[in-house]
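*Asks:* I'd like to ask some things about the structure below.
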Amino acid sequence: MGLVQRELEAACFTTITLSNIPDLTASASTPRVVGVEHPFGQTMGKPGDSETQLAVLRGVLAALEDIDTPGDVRCLPFTWHQTLKEIQAQHKESPPISSYLVKRPWLVRKLIVRDIPDQP
């Protein structure tokens, strides 16, 4: 994403990235990064929680106005109010790719090198 953003910035478009791992995102030379302490897949907030989602969006847009220096990283003052155990309890079923690879561990290497196996 950082590469695309740098190209957009070169064309005079201001960009910003919302990330739940802002330091890692910034290491890809992303022009502007805003961090939020939310779980993966719920960066804006819980599904259906429009109040939090709108607050996060407003925070990102405010940061976009405030950050003058490309490469700057800011963190929004939002915290997730669930423990890791509570979050994991909500996700009882593994993603299909996990189940597939548990049964065929020799295919993990192919996946890493992007040699995606055909479906059986």
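Numbering starts fresh at 1 for the residues of each chain in the structure tokens, the chains themselves are lettered A, B, ... in the order given, and ligands are numbered from 1 as they appear.
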Any idea what's packed within 10 Å of Ala63 (chain A), counting only C-alpha atoms, ignoring anything in its chain fewer than 3 positions away? Could you give it as a VMD selection string?
*Replies:* chain A and resid 16 32 to 34 57 to 60 66 to 68 73 to 76
*Asks:* Please extract the residues of chain A with a backbone DSSP assignment of helix (DSSP H, G or I) and present them as an NGL selection string.
*Replies:* :A and (2-10 or 22-26 or 50-66 or 84-90 or 96-103 or 105-112)
*Asks:* Which neighbours of Gly2 (chain A) fall inside 8 Å, counting only C-alpha atoms, when residues of the same chain fewer than 5 positions from it are skipped, and could you give them as a ChimeraX atom specification?
*Replies:* /A:25,28-31
*Asks:* Of the residues A:Phe78, A:Val108, A:Leu64, A:Lys103, which is the one nearest to Phe13 (chain A), using only C-alpha atoms?
*Replies:*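 Among A:Phe78, A:Val108, A:Leu64, A:Lys103, it is A:Leu64 that comes nearest to Phe13 (chain A).
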*Asks:* Between CA of Thr83 (chain A) and CA of Thr52 (chain A), what is the spacing in Å?
*Replies:*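 About the pair CA of Thr52 (chain A) and CA of Thr83 (chain A): they are 17.9 Å apart.
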*Asks:* Go through chain A and collect every residue that DSSP, computed from the backbone, puts in strand (DSSP E or B); the answer should be as a short mmCIF file (atom, residue, chain, number, x, y, z; two decimals) with all heavy atoms, in the first residue's frame.
*Replies:*
```
data_model
loop_
_atom_site.label_atom_id
_atom_site.label_comp_id
_atom_site.auth_asym_id
_atom_site.auth_seq_id
_atom_site.Cartn_x
_atom_site.Cartn_y
_atom_site.Cartn_z
N THR A 17 -3.13 6.11 6.00
CA THR A 17 -3.44 4.71 6.23
C THR A 17 -3.86 4.51 7.67
O THR A 17 -3.21 5.00 8.58
CB THR A 17 -2.21 3.82 5.94
OG1 THR A 17 -1.85 3.96 4.58
CG2 THR A 17 -2.50 2.37 6.24
N LEU A 18 -4.94 3.77 7.87
CA LEU A 18 -5.37 3.37 9.20
C LEU A 18 -4.87 1.95 9.42
O LEU A 18 -5.11 1.06 8.60
CB LEU A 18 -6.90 3.41 9.30
CG LEU A 18 -7.50 2.92 10.62
CD1 LEU A 18 -7.06 3.81 11.77
CD2 LEU A 18 -9.02 2.89 10.52
N SER A 19 -4.15 1.74 10.51
CA SER A 19 -3.52 0.44 10.75
C SER A 19 -3.61 0.04 12.21
O SER A 19 -3.55 0.90 13.09
CB SER A 19 -2.05 0.50 10.33
OG SER A 19 -1.38 -0.69 10.65
N ARG A 32 1.68 8.65 5.54
CA ARG A 32 1.02 9.02 6.80
C ARG A 32 0.31 7.80 7.34
O ARG A 32 -0.41 7.12 6.61
CB ARG A 32 0.00 10.15 6.58
CG ARG A 32 0.64 11.47 6.28
CD ARG A 32 -0.40 12.47 5.78
NE ARG A 32 0.25 13.61 5.19
CZ ARG A 32 0.77 13.63 3.96
NH1 ARG A 32 0.69 12.58 3.20
NH2 ARG A 32 1.37 14.70 3.50
N VAL A 33 0.48 7.55 8.64
CA VAL A 33 -0.13 6.38 9.26
C VAL A 33 -0.83 6.81 10.54
O VAL A 33 -0.28 7.56 11.35
CB VAL A 33 0.94 5.31 9.61
CG1 VAL A 33 0.29 4.12 10.27
CG2 VAL A 33 1.69 4.89 8.37
N VAL A 34 -2.04 6.29 10.71
CA VAL A 34 -2.78 6.46 11.96
C VAL A 34 -3.03 5.08 12.53
O VAL A 34 -3.52 4.19 11.84
CB VAL A 34 -4.12 7.19 11.72
CG1 VAL A 34 -4.93 7.27 12.99
CG2 VAL A 34 -3.88 8.59 11.19
N GLY A 35 -2.65 4.89 13.78
CA GLY A 35 -2.83 3.60 14.43
C GLY A 35 -4.04 3.59 15.34
O GLY A 35 -4.45 4.61 15.87
N VAL A 36 -4.61 2.41 15.48
CA VAL A 36 -5.74 2.22 16.38
C VAL A 36 -5.60 0.83 17.01
O VAL A 36 -5.23 -0.12 16.32
CB VAL A 36 -7.09 2.39 15.65
CG1 VAL A 36 -7.32 1.35 14.60
CG2 VAL A 36 -8.26 2.44 16.61
N GLU A 37 -5.85 0.72 18.30
CA GLU A 37 -5.70 -0.55 19.01
C GLU A 37 -6.98 -1.37 18.92
O GLU A 37 -7.71 -1.52 19.90
CB GLU A 37 -5.33 -0.31 20.47
CG GLU A 37 -3.94 0.24 20.66
CD GLU A 37 -3.56 0.34 22.12
OE1 GLU A 37 -4.15 -0.38 22.96
OE2 GLU A 37 -2.68 1.15 22.41
N ASP A 72 5.01 10.57 9.18
CA ASP A 72 4.55 10.75 10.56
C ASP A 72 3.57 9.64 10.94
O ASP A 72 2.77 9.19 10.12
CB ASP A 72 3.88 12.11 10.71
CG ASP A 72 3.77 12.57 12.15
OD1 ASP A 72 4.19 11.82 13.05
OD2 ASP A 72 3.28 13.69 12.37
N VAL A 73 3.64 9.17 12.18
CA VAL A 73 2.75 8.13 12.69
C VAL A 73 2.02 8.69 13.91
O VAL A 73 2.63 9.23 14.82
CB VAL A 73 3.53 6.87 13.11
CG1 VAL A 73 2.60 5.83 13.70
CG2 VAL A 73 4.29 6.30 11.93
N ARG A 74 0.71 8.59 13.91
CA ARG A 74 -0.11 9.01 15.05
C ARG A 74 -0.94 7.83 15.51
O ARG A 74 -1.27 6.94 14.73
CB ARG A 74 -1.07 10.13 14.64
CG ARG A 74 -0.44 11.36 14.08
CD ARG A 74 -0.02 12.33 15.18
NE ARG A 74 0.75 13.42 14.64
CZ ARG A 74 0.26 14.58 14.23
NH1 ARG A 74 -1.04 14.78 14.29
NH2 ARG A 74 1.05 15.52 13.78
N CYS A 75 -1.33 7.84 16.77
CA CYS A 75 -2.21 6.80 17.29
C CYS A 75 -3.49 7.45 17.81
O CYS A 75 -3.44 8.46 18.51
CB CYS A 75 -1.53 6.01 18.40
SG CYS A 75 -0.25 4.92 17.75
N LEU A 76 -4.61 6.88 17.45
CA LEU A 76 -5.90 7.39 17.91
C LEU A 76 -6.16 6.87 19.32
O LEU A 76 -5.71 5.78 19.68
CB LEU A 76 -7.01 6.93 16.96
CG LEU A 76 -6.92 7.45 15.53
CD1 LEU A 76 -8.05 6.87 14.68
CD2 LEU A 76 -6.96 8.96 15.49
N PRO A 77 -6.91 7.62 20.12
CA PRO A 77 -7.11 7.24 21.52
C PRO A 77 -8.22 6.22 21.75
O PRO A 77 -8.92 6.27 22.75
CB PRO A 77 -7.47 8.59 22.17
CG PRO A 77 -8.20 9.32 21.08
CD PRO A 77 -7.49 8.92 19.81
N PHE A 78 -8.37 5.26 20.85
CA PHE A 78 -9.39 4.23 21.01
C PHE A 78 -8.76 2.96 21.54
O PHE A 78 -7.67 2.59 21.11
CB PHE A 78 -10.08 3.93 19.67
CG PHE A 78 -10.79 5.11 19.08
CD1 PHE A 78 -10.21 5.83 18.05
CD2 PHE A 78 -12.01 5.51 19.56
CE1 PHE A 78 -10.85 6.92 17.49
CE2 PHE A 78 -12.67 6.61 19.02
CZ PHE A 78 -12.08 7.31 17.98
N THR A 79 -9.44 2.31 22.45
CA THR A 79 -8.97 1.01 22.94
C THR A 79 -10.10 0.00 22.81
O THR A 79 -11.28 0.36 22.82
CB THR A 79 -8.53 1.07 24.42
OG1 THR A 79 -9.59 1.61 25.20
CG2 THR A 79 -7.29 1.94 24.58
#
```
*Asks:* From the options A:Gln5, A:Thr69, A:Gln42, A:Gln82, which residue's atoms come nearest to Val56 (chain A), counting only C-alpha atoms?
*Replies:* A:Gln42
